[in-house]
Amino acid sequence: MEFSACVVVIGVLTSTLLPRISEWQQQARAIQLANAIVALNRAVVIFQAECSRSAGPCDQLVINGRTIAGANGQAAATPDGIARLAELPADTQFHEHWVDGVPALTMSLPSRGIPPCEFTYVQAPRSGSAPVIHRPLASCP
């Protein structure tokens, strides 16, 4: 009798918690993506500030003891550029490519068993212009 009651209670708890766990995982992914994008935006501002203090073309800056690649006065769209400065999680995957003739870096935040959350940093196309961060809405529902 007591064993049956325990099984029923565990069954009820499991049936209520399983949908919640999936919801919590989705929320955690969205938070992880938002944090990565905030880190990227922060890195853009830091690079701009350091570049404005530099007398050179800002192709390479040493920021916090690390060499950061630059292009057109902004952080370069490379793992040793914007990604290094943003200090993204170690398991972030990088894909260098081009968007409308401009270097871009797509970053993927892996998740077990489901497609990764992705966003793309498009380098400043010319001096005096700003980089762009794209977040496809379908990437991380």
# chains A, B, ... in the order shown; residues from 1 in each chain; ligands from 1
>>> select_by_dssp(residues="region 2-139 of chain A", states="strand (DSSP E or B)", output="PyMOL selection string")
chain A and resi 60-63+66-71+74-75+93-99+102-111+114-122+132-134
>>> atom_distance(atom1="CA of Ile63 (chain A)", atom2="CA of Cys117 (chain A)")
27.7 Å
>>> residues_around(residues="Ser127 (chain A)", least_positions_apart="4", cutoff="9 Å", atoms="only C-alpha atoms", output="short mmCIF file (atom, residue, chain, number, x, y, z; two decimals) with C-alpha atoms, in the first residue's frame")
data_model
loop_
_atom_site.label_atom_id
_atom_site.label_comp_id
_atom_site.auth_asym_id
_atom_site.auth_seq_id
_atom_site.Cartn_x
_atom_site.Cartn_y
_atom_site.Cartn_z
CA ALA A 71 39.84 46.06 -38.98
CA ASN A 72 38.51 49.46 -40.04
CA GLY A 73 38.75 50.79 -36.49
CA GLN A 74 36.61 48.00 -35.04
#
>>> atom_distance(atom1="CA of Ala43 (chain A)", atom2="CA of Ser111 (chain A)")
23.9 Å
>>> select_by_dssp(residues="region 1-132 of chain A", states="helix (DSSP H, G or I)", output="MDAnalysis selection string")
chainID A and resid 2:53 79:86
>>> atom_distance(atom1="CA of Tyr121 (chain A)", atom2="CA of Arg135 (chain A)")
9.0 Å
>>> closest_residue(among="A:Ala86, A:Ala104, A:Ala36, A:Ala75", to="Ala49 (chain A)", atoms="only C-alpha atoms")
A:Ala75
>>> residues_around(residues="region 89-93 of chain A", least_positions_apart="5", cutoff="8 Å", atoms="only C-alpha atoms", output="list in words")
Met107, Ser108, Leu109 and Pro110 of chain A
>>> closest_residue(among="A:Ser4, A:Glu87, A:Ala28, A:Pro115", to="Asn64 (chain A)", atoms="only C-alpha atoms")
A:Glu87
>>> closest_residue(among="A:Ala39, A:Ala124, A:Ile133, A:Gly70", to="Cys51 (chain A)", atoms="only C-alpha atoms")
A:Gly70
>>> residues_around(residues="Val62 (chain A)", least_positions_apart="2", cutoff="12 Å", atoms="only C-alpha atoms", output="JSON list (two decimals) with C-alpha atoms, in the first residue's frame")
[["chain", "number", "residue", "atom", "x", "y", "z"],
["A", 46, "ILE", "CA", 35.81, 48.40, -25.37],
["A", 47, "PHE", "CA", 37.58, 48.06, -28.72],
["A", 50, "GLU", "CA", 40.91, 51.55, -26.91],
["A", 51, "CYS", "CA", 41.15, 52.38, -30.61],
["A", 53, "ARG", "CA", 43.20, 56.24, -27.55],
["A", 54, "SER", "CA", 45.57, 54.62, -30.02],
["A", 58, "CYS", "CA", 43.94, 49.68, -34.74],
["A", 59, "ASP", "CA", 44.76, 46.56, -36.77],
["A", 60, "GLN", "CA", 45.95, 44.98, -33.53],
["A", 64, "ASN", "CA", 43.77, 43.42, -20.90],
["A", 65, "GLY", "CA", 47.02, 41.69, -21.86],
["A", 66, "ARG", "CA", 45.58, 39.99, -24.94],
["A", 67, "THR", "CA", 46.21, 40.86, -28.57],
["A", 68, "ILE", "CA", 42.92, 41.62, -30.32],
["A", 69, "ALA", "CA", 42.71, 41.75, -34.13],
["A", 70, "GLY", "CA", 41.02, 44.79, -35.61],
["A", 75, "ALA", "CA", 37.24, 44.50, -33.71],
["A", 80, "ASP", "CA", 41.19, 36.31, -32.33],
["A", 81, "GLY", "CA", 39.27, 39.57, -32.76],
["A", 84, "ARG", "CA", 38.58, 36.82, -27.93],
["A", 85, "LEU", "CA", 37.64, 40.23, -26.55]]
>>> closest_residue(among="A:His134, A:Arg42, A:Arg20, A:Arg29", to="Val99 (chain A)", atoms="only C-alpha atoms")
A:His134
